[in-house]
Number of protein chains: 2
Amino acid sequence: MQRSMSLQSCALALGALLASSIVAAEGPSPAERAIEYRKAVYTVIGGNFGPVGAVLQGKAPYNAADVRVRAERVAFMAGLAAEAFPDISKTGDTKAKPEIWTDTAGFQKAMEALATSTTALVDLLKTDQTDSAAFKAAAGKVGESCKGCHDKFKAK
Amino acid sequence: MQRSMSLQSCALALGALLASSIVAAEGPSPAERAIEYRKAVYTVIGGNFGPVGAVLQGKAPYNAADVRVRAERVAFMAGLAAEAFPDISKTGDTKAKPEIWTDTAGFQKAMEALATSTTALVDLLKTDQTDSAAFKAAAGKVGESCKGCHDKFKAK
């Protein structure tokens, strides 16, 4: 009986071990998770800046409440984006260019442009909630900060 | 010359038309984009709550600054999650269950549990930045709100 229990315990332990090995082998690696996380951050940024860009391009009407909440989200997400390029995420299924990790000063400047431009847009919207020239300029600067970074640090 | 110009214009216009058709056919549909956006929102939530959960489970040391910023992010993202289930995103490559759109009161309650529990955690962390029983309880409630919603509204 004791021997049988022992065998059973052993089998269970082995099963658990194998299962965890399989999970480890099949699950995403820390690098893959970091890249997936980064893409998610940018998908959320794009999903919220997209409608602001549409207003900017005259493709959608200006909606003060919507523009404001989306601008706040993009500004908030800028902080997450800046942290989404850990060393482990250099290679893999990513369009992030190696220059991100070699030209760290240039990349930091590009990330700061995103933070500065999105904060400026949010600040403007606290007092000016109209489709004004100032709004167009501030939102345009956010778009430029996106494009500036992509041109330099994102593969086509 | 005029005829040649005309043909050229026609060819260019046709080329542009075909290119736009190809883009339209190959690009993601609004439903696919909505589902991708939703998944991204939850990836960002998971990527930030994960380390808090690790502290909760004793798998990582308590780091006050890290716990706080991650809790703030999860609380912020709760607002985006609540809006990430538009009708167009009911079907497709998603684990979102139909009950989300049929049991709207139940789903709203589950989303409110996420908002309430994450806000409570952020509020606690304003005064208590230690690995206290109160922290464990508040962070545990966030985990419960995740699990509660997934059990009911997310396919395995």
# chains A, B, ... in the order shown; residues from 1 in each chain; ligands from 1
>>> calpha_fit_rmsd(fixed="chain B", moving="chain A")
0.3 Å
>>> interface_residues(of="chain B", to="chain A", cutoff="7 Å", atoms="only C-alpha atoms", output="short mmCIF file (atom, residue, chain, number, x, y, z; two decimals) with N, CA and C atoms, in the first residue's frame")
data_model
loop_
_atom_site.label_atom_id
_atom_site.label_comp_id
_atom_site.auth_asym_id
_atom_site.auth_seq_id
_atom_site.Cartn_x
_atom_site.Cartn_y
_atom_site.Cartn_z
N TYR B 37 -7.80 45.80 -30.77
CA TYR B 37 -7.67 46.88 -29.77
C TYR B 37 -8.02 46.34 -28.38
N ALA B 40 -5.33 44.24 -27.01
CA ALA B 40 -4.20 45.09 -26.61
C ALA B 40 -4.45 45.72 -25.24
N VAL B 41 -5.67 46.19 -25.03
CA VAL B 41 -6.02 46.79 -23.73
C VAL B 41 -5.78 45.76 -22.62
N THR B 43 -3.87 43.07 -22.76
CA THR B 43 -2.43 42.74 -22.66
C THR B 43 -1.73 43.78 -21.78
N VAL B 44 -2.11 45.04 -21.95
CA VAL B 44 -1.51 46.10 -21.12
C VAL B 44 -1.95 45.94 -19.66
N GLY B 47 -0.04 42.90 -18.35
CA GLY B 47 1.38 43.21 -18.23
C GLY B 47 1.69 44.05 -17.01
#
>>> select_by_dssp(residues="chain B", states="alpha helix (DSSP H)", output="ChimeraX atom specification")
/B:2-26,30-56,64-82,99-102,104-127,133-153
>>> closest_residue(among="A:Asp103, A:Asp151, A:Asp123, A:Glu112", to="Ala81 in chain A", atoms="only C-alpha atoms")
A:Glu112
>>> closest_residue(among="B:Val52, B:Leu124, B:Ala31, B:Val142", to="Phe85 in chain B", atoms="only C-alpha atoms")
B:Ala31
>>> residues_around(residues="Ser145 in chain A", least_positions_apart="5", cutoff="9 Å", atoms="only C-alpha atoms", output="list of chain:residue names")
A:Ala110, A:Met111, A:Glu112, A:Ala113, A:Leu114, A:Ala115, A:Ser117, A:Gly140, A:His150
>>> write_last_selection(atoms="all heavy atoms", output="tab-separated table (two decimals), in the first residue's frame")
chain	number	residue	atom	x	y	z
A	110	ALA	N	13.25	61.18	-28.94
A	110	ALA	CA	12.02	60.89	-29.69
A	110	ALA	C	10.88	60.54	-28.73
A	110	ALA	O	9.74	60.96	-28.93
A	110	ALA	CB	12.27	59.75	-30.67
A	111	MET	N	11.19	59.79	-27.68
A	111	MET	CA	10.16	59.43	-26.70
A	111	MET	C	9.72	60.65	-25.90
A	111	MET	O	8.56	60.78	-25.53
A	111	MET	CB	10.66	58.33	-25.77
A	111	MET	CG	10.90	56.98	-26.44
A	111	MET	SD	9.50	56.35	-27.41
A	111	MET	CE	8.41	55.80	-26.13
A	112	GLU	N	10.68	61.52	-25.64
A	112	GLU	CA	10.33	62.76	-24.92
A	112	GLU	C	9.43	63.65	-25.78
A	112	GLU	O	8.56	64.34	-25.25
A	112	GLU	CB	11.59	63.50	-24.49
A	112	GLU	CG	12.21	62.91	-23.23
A	112	GLU	CD	13.63	63.41	-22.94
A	112	GLU	OE1	14.09	64.34	-23.64
A	112	GLU	OE2	14.27	62.84	-22.03
A	113	ALA	N	9.65	63.63	-27.09
A	113	ALA	CA	8.81	64.43	-27.99
A	113	ALA	C	7.36	63.94	-27.91
A	113	ALA	O	6.42	64.75	-27.94
A	113	ALA	CB	9.33	64.32	-29.42
A	114	LEU	N	7.19	62.62	-27.77
A	114	LEU	CA	5.83	62.08	-27.62
A	114	LEU	C	5.21	62.54	-26.30
A	114	LEU	O	4.07	63.02	-26.27
A	114	LEU	CB	5.87	60.54	-27.66
A	114	LEU	CG	4.52	59.83	-27.46
A	114	LEU	CD1	3.57	60.12	-28.60
A	114	LEU	CD2	4.71	58.31	-27.31
A	115	ALA	N	5.99	62.45	-25.23
A	115	ALA	CA	5.48	62.86	-23.92
A	115	ALA	C	5.17	64.36	-23.91
A	115	ALA	O	4.09	64.77	-23.45
A	115	ALA	CB	6.52	62.52	-22.84
A	117	SER	N	4.61	66.46	-26.48
A	117	SER	CA	3.53	66.88	-27.39
A	117	SER	C	2.16	66.43	-26.89
A	117	SER	O	1.17	67.16	-27.03
A	117	SER	CB	3.78	66.36	-28.81
A	117	SER	OG	3.79	64.94	-28.82
A	140	GLY	N	-1.30	68.17	-34.30
A	140	GLY	CA	-0.35	67.93	-35.38
A	140	GLY	C	1.03	67.59	-34.84
A	140	GLY	O	1.72	66.72	-35.38
A	150	HIS	N	8.86	56.88	-35.73
A	150	HIS	CA	8.71	55.73	-36.64
A	150	HIS	C	9.72	55.80	-37.79
A	150	HIS	O	10.32	54.79	-38.15
A	150	HIS	CB	7.29	55.66	-37.19
A	150	HIS	CG	6.27	55.31	-36.15
A	150	HIS	ND1	4.92	55.23	-36.39
A	150	HIS	CD2	6.43	55.02	-34.82
A	150	HIS	CE1	4.29	54.91	-35.27
A	150	HIS	NE2	5.17	54.77	-34.31
>>> atom_distance(atom1="CA of Ser29 in chain B", atom2="CA of Gly50 in chain A")
14.9 Å
>>> closest_residue(among="A:Glu26, A:Glu99, A:Glu32, A:Asp66", to="Leu125 in chain A", atoms="only C-alpha atoms")
A:Asp66
>>> residues_around(residues="Lys156 in chain B", least_positions_apart="5", cutoff="12 Å", atoms="only C-alpha atoms", output="number ranges by chain")
B: 94-97, 147, 150-151
>>> closest_residue(among="A:Ala64, A:Val122, A:Ala139, A:Ala82", to="Phe107 in chain A", atoms="only C-alpha atoms")
A:Ala82
>>> decode(residues="range 121-150 of chain B", atoms="N, CA, C and O atoms", output="short mmCIF file (atom, residue, chain, number, x, y, z; two decimals), in the first residue's frame")
data_model
loop_
_atom_site.label_atom_id
_atom_site.label_comp_id
_atom_site.auth_asym_id
_atom_site.auth_seq_id
_atom_site.Cartn_x
_atom_site.Cartn_y
_atom_site.Cartn_z
N LEU B 121 -7.60 50.05 -4.73
CA LEU B 121 -6.17 49.72 -4.56
C LEU B 121 -5.31 50.99 -4.68
O LEU B 121 -4.42 51.23 -3.86
N VAL B 122 -5.60 51.79 -5.70
CA VAL B 122 -4.85 53.04 -5.90
C VAL B 122 -5.03 53.95 -4.68
O VAL B 122 -4.06 54.54 -4.18
N ASP B 123 -6.25 54.04 -4.19
CA ASP B 123 -6.53 54.89 -3.02
C ASP B 123 -5.75 54.40 -1.79
O ASP B 123 -5.17 55.19 -1.06
N LEU B 124 -5.75 53.10 -1.58
CA LEU B 124 -5.02 52.54 -0.45
C LEU B 124 -3.53 52.89 -0.54
O LEU B 124 -2.91 53.28 0.46
N LEU B 125 -2.99 52.76 -1.75
CA LEU B 125 -1.55 52.97 -1.95
C LEU B 125 -1.13 54.43 -1.73
O LEU B 125 0.05 54.72 -1.61
N LYS B 126 -2.10 55.32 -1.68
CA LYS B 126 -1.78 56.72 -1.40
C LYS B 126 -1.35 56.90 0.05
O LYS B 126 -0.59 57.81 0.38
N THR B 127 -1.85 56.02 0.92
CA THR B 127 -1.52 56.16 2.34
C THR B 127 -0.71 54.98 2.88
O THR B 127 0.09 55.13 3.79
N ASP B 128 -0.93 53.81 2.31
CA ASP B 128 -0.25 52.61 2.81
C ASP B 128 0.60 52.02 1.69
O ASP B 128 0.07 51.42 0.76
N GLN B 129 1.91 52.24 1.78
CA GLN B 129 2.79 51.70 0.74
C GLN B 129 3.68 50.60 1.31
O GLN B 129 4.91 50.62 1.19
N THR B 130 3.00 49.65 1.93
CA THR B 130 3.72 48.50 2.50
C THR B 130 3.01 47.22 2.09
O THR B 130 1.87 47.24 1.64
N ASP B 131 3.73 46.12 2.28
CA ASP B 131 3.18 44.82 1.93
C ASP B 131 2.25 44.36 3.06
O ASP B 131 2.44 43.31 3.67
N SER B 132 1.25 45.17 3.31
CA SER B 132 0.35 44.95 4.45
C SER B 132 -0.79 44.01 4.11
O SER B 132 -1.02 43.67 2.93
N ALA B 133 -1.52 43.62 5.14
CA ALA B 133 -2.71 42.80 4.93
C ALA B 133 -3.74 43.56 4.10
O ALA B 133 -4.44 42.99 3.26
N ALA B 134 -3.79 44.88 4.33
CA ALA B 134 -4.74 45.72 3.57
C ALA B 134 -4.38 45.72 2.09
O ALA B 134 -5.25 45.66 1.21
N PHE B 135 -3.07 45.81 1.81
CA PHE B 135 -2.63 45.75 0.40
C PHE B 135 -3.01 44.41 -0.22
O PHE B 135 -3.56 44.36 -1.32
N LYS B 136 -2.72 43.34 0.52
CA LYS B 136 -3.03 42.00 0.00
C LYS B 136 -4.53 41.87 -0.28
O LYS B 136 -4.93 41.30 -1.28
N ALA B 137 -5.33 42.40 0.62
CA ALA B 137 -6.79 42.31 0.44
C ALA B 137 -7.22 43.13 -0.78
O ALA B 137 -8.02 42.65 -1.60
N ALA B 138 -6.69 44.35 -0.89
CA ALA B 138 -7.10 45.23 -2.00
C ALA B 138 -6.63 44.69 -3.35
O ALA B 138 -7.39 44.69 -4.34
N ALA B 139 -5.38 44.22 -3.40
CA ALA B 139 -4.85 43.67 -4.65
C ALA B 139 -5.57 42.35 -4.98
O ALA B 139 -5.85 42.05 -6.14
N GLY B 140 -5.88 41.60 -3.92
CA GLY B 140 -6.61 40.34 -4.11
C GLY B 140 -7.98 40.58 -4.73
O GLY B 140 -8.42 39.82 -5.59
N LYS B 141 -8.60 41.67 -4.32
CA LYS B 141 -9.93 42.00 -4.89
C LYS B 141 -9.83 42.33 -6.37
O LYS B 141 -10.76 42.05 -7.14
N VAL B 142 -8.73 42.96 -6.77
CA VAL B 142 -8.54 43.22 -8.21
C VAL B 142 -8.44 41.90 -8.95
O VAL B 142 -9.12 41.69 -9.97
N GLY B 143 -7.63 41.00 -8.42
CA GLY B 143 -7.49 39.67 -9.03
C GLY B 143 -8.83 38.95 -9.12
O GLY B 143 -9.14 38.32 -10.13
N GLU B 144 -9.61 39.07 -8.06
CA GLU B 144 -10.93 38.43 -8.06
C GLU B 144 -11.85 39.04 -9.12
O GLU B 144 -12.65 38.34 -9.73
N SER B 145 -11.74 40.34 -9.30
CA SER B 145 -12.60 40.98 -10.31
C SER B 145 -12.20 40.51 -11.71
O SER B 145 -13.06 40.30 -12.57
N CYS B 146 -10.89 40.31 -11.94
CA CYS B 146 -10.43 39.76 -13.22
C CYS B 146 -11.02 38.37 -13.41
O CYS B 146 -11.66 38.08 -14.43
N LYS B 147 -10.79 37.51 -12.40
CA LYS B 147 -11.22 36.11 -12.49
C LYS B 147 -12.74 36.01 -12.61
O LYS B 147 -13.27 35.24 -13.41
N GLY B 148 -13.44 36.82 -11.83
CA GLY B 148 -14.90 36.78 -11.84
C GLY B 148 -15.45 37.05 -13.24
O GLY B 148 -16.36 36.37 -13.71
N CYS B 149 -14.88 38.05 -13.90
CA CYS B 149 -15.33 38.41 -15.24
C CYS B 149 -14.92 37.33 -16.25
O CYS B 149 -15.72 36.94 -17.10
N HIS B 150 -13.68 36.86 -16.15
CA HIS B 150 -13.22 35.84 -17.10
C HIS B 150 -14.04 34.57 -16.98
O HIS B 150 -14.41 33.96 -17.99
#
